[in-house]
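The next block holds one structure in the form of structure tokens; read it before the comments.
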Amino acid sequence: MTKIDLDKTSVRSLNSNLQDNKDNSETLIENPKGKHNLAVGLTTEQKVHIHGHVGYYCAGMNQKANILIEGNAGPGLAENMMSGVVKVEGNASQYCGATAHGGLLVIKNDAAARCGVSMKGVDIVVGGSVGHMSAFMGQKGRLVICGDAGNALGDSIYEARIYLRGTVESLGTDCIEKEMKQEHKQELRELLNSAGFDDMSLDGFRRYGSARKLYNFDIDNAY
């Protein structure tokens, strides 16, 4: 394992070293102290362990890498993620997983507003609650919320799927509750297991998605 101390090494140097890591060796990052843009743009199947809190846009544009954050994450975590795994042991700030196309994003505790905004294929599992307008314009992928959700959940959603165990303050435009069939229970079980929540029961989970009323122009909506 390679150890990099951010009290002694710049973020630019860190990211350069990680992006040049062709043998996929594991890296431990110490003393992140809320610094921004850590471990961005990685394209190999390497493991990155960040010991502490991170700032803005950590793990952005991730491809293939497995990134563990032992702390909280600032806004824009795993933005535009393509593949790989990003896990946060604490909380995540707003718009985590924004525009992400693939991979798995796990937040052990809570996520703030707009979690999964404009998600395009990513799987997001939140062990706690999410803030308002989560999955706003969610196009594809799955968002699992093991706690509660704020207002306007799934506003203007397309084909993303939402699984919620707790209560929702309100549903957004065109987002409705849907039947929880056996195939969805199986899908949910697989997502929870992949996120490390093997012992969590499926009891109480409900499924939400698009009513598909915004897909076509309706003259009645123009007034």
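Here's how to read the names in the structure tokens: chain A, B, ... by the order shown, residue numbers from 1 in each chain, ligand numbers from 1 in the order shown.
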
(Q) Please list as a ChimeraX atom specification every residue within 8 Å of range 2-18 of chain A, counting only C-alpha atoms and excluding residues in the same chain fewer than 4 positions away. (A) /A:25-32,35,37-40,42

Output the selection as a PDB file, in the first residue's frame - N, CA and C atoms for each residue.
```
ATOM      1  N   SER A  25      -2.244  -0.640  -7.603  1.00  0.00           N
ATOM      2  CA  SER A  25      -1.885  -0.791  -6.198  1.00  0.00           C
ATOM      3  C   SER A  25      -2.796   0.083  -5.334  1.00  0.00           C
ATOM      4  N   GLU A  26      -2.937  -0.288  -4.073  1.00  0.00           N
ATOM      5  CA  GLU A  26      -3.826   0.430  -3.158  1.00  0.00           C
ATOM      6  C   GLU A  26      -3.132   1.666  -2.594  1.00  0.00           C
ATOM      7  N   THR A  27      -3.916   2.744  -2.428  1.00  0.00           N
ATOM      8  CA  THR A  27      -3.371   3.998  -1.906  1.00  0.00           C
ATOM      9  C   THR A  27      -4.150   4.451  -0.682  1.00  0.00           C
ATOM     10  N   LEU A  28      -3.451   4.808   0.376  1.00  0.00           N
ATOM     11  CA  LEU A  28      -4.052   5.376   1.576  1.00  0.00           C
ATOM     12  C   LEU A  28      -3.738   6.861   1.613  1.00  0.00           C
ATOM     13  N   ILE A  29      -4.789   7.675   1.690  1.00  0.00           N
ATOM     14  CA  ILE A  29      -4.622   9.131   1.742  1.00  0.00           C
ATOM     15  C   ILE A  29      -4.891   9.594   3.165  1.00  0.00           C
ATOM     16  N   GLU A  30      -3.904  10.232   3.758  1.00  0.00           N
ATOM     17  CA  GLU A  30      -4.020  10.716   5.125  1.00  0.00           C
ATOM     18  C   GLU A  30      -4.120  12.235   5.156  1.00  0.00           C
ATOM     19  N   ASN A  31      -4.766  12.742   6.196  1.00  0.00           N
ATOM     20  CA  ASN A  31      -4.931  14.184   6.427  1.00  0.00           C
ATOM     21  C   ASN A  31      -5.589  14.920   5.253  1.00  0.00           C
ATOM     22  N   PRO A  32      -6.733  14.423   4.755  1.00  0.00           N
ATOM     23  CA  PRO A  32      -7.416  15.161   3.681  1.00  0.00           C
ATOM     24  C   PRO A  32      -7.955  16.505   4.157  1.00  0.00           C
ATOM     25  N   LYS A  35     -10.108  18.884   1.960  1.00  0.00           N
ATOM     26  CA  LYS A  35      -9.601  19.421   0.691  1.00  0.00           C
ATOM     27  C   LYS A  35     -10.497  18.980  -0.463  1.00  0.00           C
ATOM     28  N   ASN A  37     -11.602  18.191  -4.603  1.00  0.00           N
ATOM     29  CA  ASN A  37     -11.176  17.529  -5.854  1.00  0.00           C
ATOM     30  C   ASN A  37     -10.198  16.370  -5.637  1.00  0.00           C
ATOM     31  N   LEU A  38     -10.402  15.614  -4.583  1.00  0.00           N
ATOM     32  CA  LEU A  38      -9.519  14.486  -4.328  1.00  0.00           C
ATOM     33  C   LEU A  38      -9.938  13.272  -5.162  1.00  0.00           C
ATOM     34  N   ALA A  39      -8.967  12.536  -5.669  1.00  0.00           N
ATOM     35  CA  ALA A  39      -9.189  11.277  -6.396  1.00  0.00           C
ATOM     36  C   ALA A  39     -10.160  11.444  -7.556  1.00  0.00           C
ATOM     37  N   VAL A  40      -9.954  12.440  -8.395  1.00  0.00           N
ATOM     38  CA  VAL A  40     -10.839  12.685  -9.534  1.00  0.00           C
ATOM     39  C   VAL A  40     -10.252  12.105 -10.822  1.00  0.00           C
ATOM     40  N   LEU A  42     -10.185   9.058 -12.124  1.00  0.00           N
ATOM     41  CA  LEU A  42      -9.439   7.795 -12.110  1.00  0.00           C
ATOM     42  C   LEU A  42     -10.056   6.814 -13.102  1.00  0.00           C
TER      43      LEU A  42
END
```

Counting only C-alpha atoms, what is within 7 Å of Ile145 in chain A, bar same-chain residues fewer than 6 positions away, as an mmCIF file with N, CA and C atoms, in the first residue's frame?
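This is the output file out-v1.cif:
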```cif
data_model
loop_
_atom_site.group_PDB
_atom_site.id
_atom_site.type_symbol
_atom_site.label_atom_id
_atom_site.label_comp_id
_atom_site.auth_asym_id
_atom_site.auth_seq_id
_atom_site.Cartn_x
_atom_site.Cartn_y
_atom_site.Cartn_z
ATOM 1 N N VAL A 125 -27.134 4.072 -3.031
ATOM 2 C CA VAL A 125 -27.768 3.518 -1.838
ATOM 3 C C VAL A 125 -27.413 4.416 -0.660
ATOM 4 N N VAL A 126 -28.448 4.947 0.000
ATOM 5 C CA VAL A 126 -28.261 5.849 1.141
ATOM 6 C C VAL A 126 -28.794 5.152 2.386
ATOM 7 N N GLY A 127 -27.915 4.940 3.367
ATOM 8 C CA GLY A 127 -28.325 4.248 4.577
ATOM 9 C C GLY A 127 -29.241 5.062 5.461
ATOM 10 N N GLY A 128 -29.209 6.382 5.316
ATOM 11 C CA GLY A 128 -30.061 7.261 6.105
ATOM 12 C C GLY A 128 -31.094 7.955 5.237
ATOM 13 N N SER A 129 -31.248 9.260 5.446
ATOM 14 C CA SER A 129 -32.261 10.054 4.755
ATOM 15 C C SER A 129 -31.631 10.943 3.682
ATOM 16 N N TYR A 163 -36.430 3.525 -4.434
ATOM 17 C CA TYR A 163 -36.914 2.659 -3.365
ATOM 18 C C TYR A 163 -36.755 3.408 -2.051
ATOM 19 N N LEU A 164 -37.841 3.546 -1.298
ATOM 20 C CA LEU A 164 -37.840 4.340 -0.068
ATOM 21 C C LEU A 164 -38.451 3.536 1.079
ATOM 22 N N ARG A 165 -37.733 3.470 2.200
ATOM 23 C CA ARG A 165 -38.257 2.736 3.353
ATOM 24 C C ARG A 165 -39.004 3.637 4.322
#
```

Q: Identify which of the residues A:Lys120, A:Arg161, A:Lys185, A:Lys47 lies closest to Asn21 in chain A, counting only C-alpha atoms when measuring atom-to-atom distances.
A: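 Of the candidates, the smallest distance to Asn21 in chain A is held by A:Lys47.
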
Q.
Please identify the strand (DSSP E or B) residues within range 65-117 of chain A (assignment by DSSP from backbone atoms) and present them as a ChimeraX atom specification.
A. /A:66-69,73,85-88,92,104-107,111

Residues from the last selection, C-alpha atoms, saved as a compact mmCIF listing (two decimals), in the first residue's frame:
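Printed below is part-v5.txt as written:
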```txt
# COMPACT_ATOMS: atom_id res chain seq x y z
CA ASN A 66 -12.95 1.64 -5.71
CA ILE A 67 -12.85 4.65 -3.40
CA LEU A 68 -13.60 4.54 0.34
CA ILE A 69 -14.00 7.75 2.36
CA ALA A 73 -18.07 14.33 1.90
CA VAL A 85 -17.53 2.04 -6.46
CA VAL A 86 -17.52 5.07 -4.16
CA LYS A 87 -18.42 4.59 -0.48
CA VAL A 88 -18.75 7.19 2.27
CA ALA A 92 -22.69 13.46 1.99
CA LEU A 104 -22.27 2.20 -7.30
CA LEU A 105 -22.36 5.11 -4.84
CA VAL A 106 -22.96 4.25 -1.16
CA ILE A 107 -23.64 6.79 1.58
CA ALA A 111 -27.30 12.69 1.98
```

(Q) List the spatial neighbours of Glu179 in chain A as a list in words - criterion: any atom at most 10 Å away, only C-alpha atoms, same-chain residues fewer than 6 positions off excluded. (A)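 Using only C-alpha atoms, the neighbours found are Arg206, Arg207, Tyr208 and Gly209 of chain A.
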
File dump, residues just selected, N, CA and C atoms, as a PDB file, in the first residue's frame:
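Here's the written file out-v6.pdb:
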```
ATOM      1  N   ARG A 206     -41.004   0.990  -0.335  1.00  0.00           N
ATOM      2  CA  ARG A 206     -41.969   1.250  -1.396  1.00  0.00           C
ATOM      3  C   ARG A 206     -41.207   1.726  -2.631  1.00  0.00           C
ATOM      4  N   ARG A 207     -41.841   1.568  -3.779  1.00  0.00           N
ATOM      5  CA  ARG A 207     -41.194   1.929  -5.042  1.00  0.00           C
ATOM      6  C   ARG A 207     -41.885   3.138  -5.665  1.00  0.00           C
ATOM      7  N   TYR A 208     -41.070   4.050  -6.209  1.00  0.00           N
ATOM      8  CA  TYR A 208     -41.593   5.243  -6.876  1.00  0.00           C
ATOM      9  C   TYR A 208     -40.949   5.386  -8.252  1.00  0.00           C
ATOM     10  N   GLY A 209     -41.686   5.995  -9.160  1.00  0.00           N
ATOM     11  CA  GLY A 209     -41.164   6.207 -10.501  1.00  0.00           C
ATOM     12  C   GLY A 209     -42.026   7.190 -11.263  1.00  0.00           C
TER      13      GLY A 209
END
```

Q) Looking at only C-alpha atoms, which of A:Leu143, A:Ile50, A:Ile157, A:Met133 is the one that sits closest to Glu169 in chain A? A)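 Between A:Leu143, A:Ile50, A:Ile157, A:Met133, the residue approaching Glu169 in chain A most closely is A:Met133.
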
Where does DSSP see helix (DSSP H, G or I) in range 6-149 of chain A, if you list the residues as a PDB file with C-alpha atoms, in the first residue's frame?
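states_33.pdb, written as the output of this step:
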```
ATOM      1  CA  VAL A  11      -3.761  17.741  -4.279  1.00  0.00           C
ATOM      2  CA  ARG A  12      -2.424  18.171  -7.808  1.00  0.00           C
ATOM      3  CA  SER A  13       0.455  15.813  -7.080  1.00  0.00           C
ATOM      4  CA  LEU A  14      -1.888  13.322  -5.414  1.00  0.00           C
ATOM      5  CA  ASN A  15      -4.230  13.179  -8.377  1.00  0.00           C
ATOM      6  CA  SER A  16      -1.341  12.902 -10.804  1.00  0.00           C
ATOM      7  CA  ASN A  17       0.041   9.936  -8.858  1.00  0.00           C
ATOM      8  CA  LEU A  18      -3.353   8.230  -8.746  1.00  0.00           C
ATOM      9  CA  GLN A  19      -4.012   8.774 -12.445  1.00  0.00           C
TER      10      GLN A  19
END
```
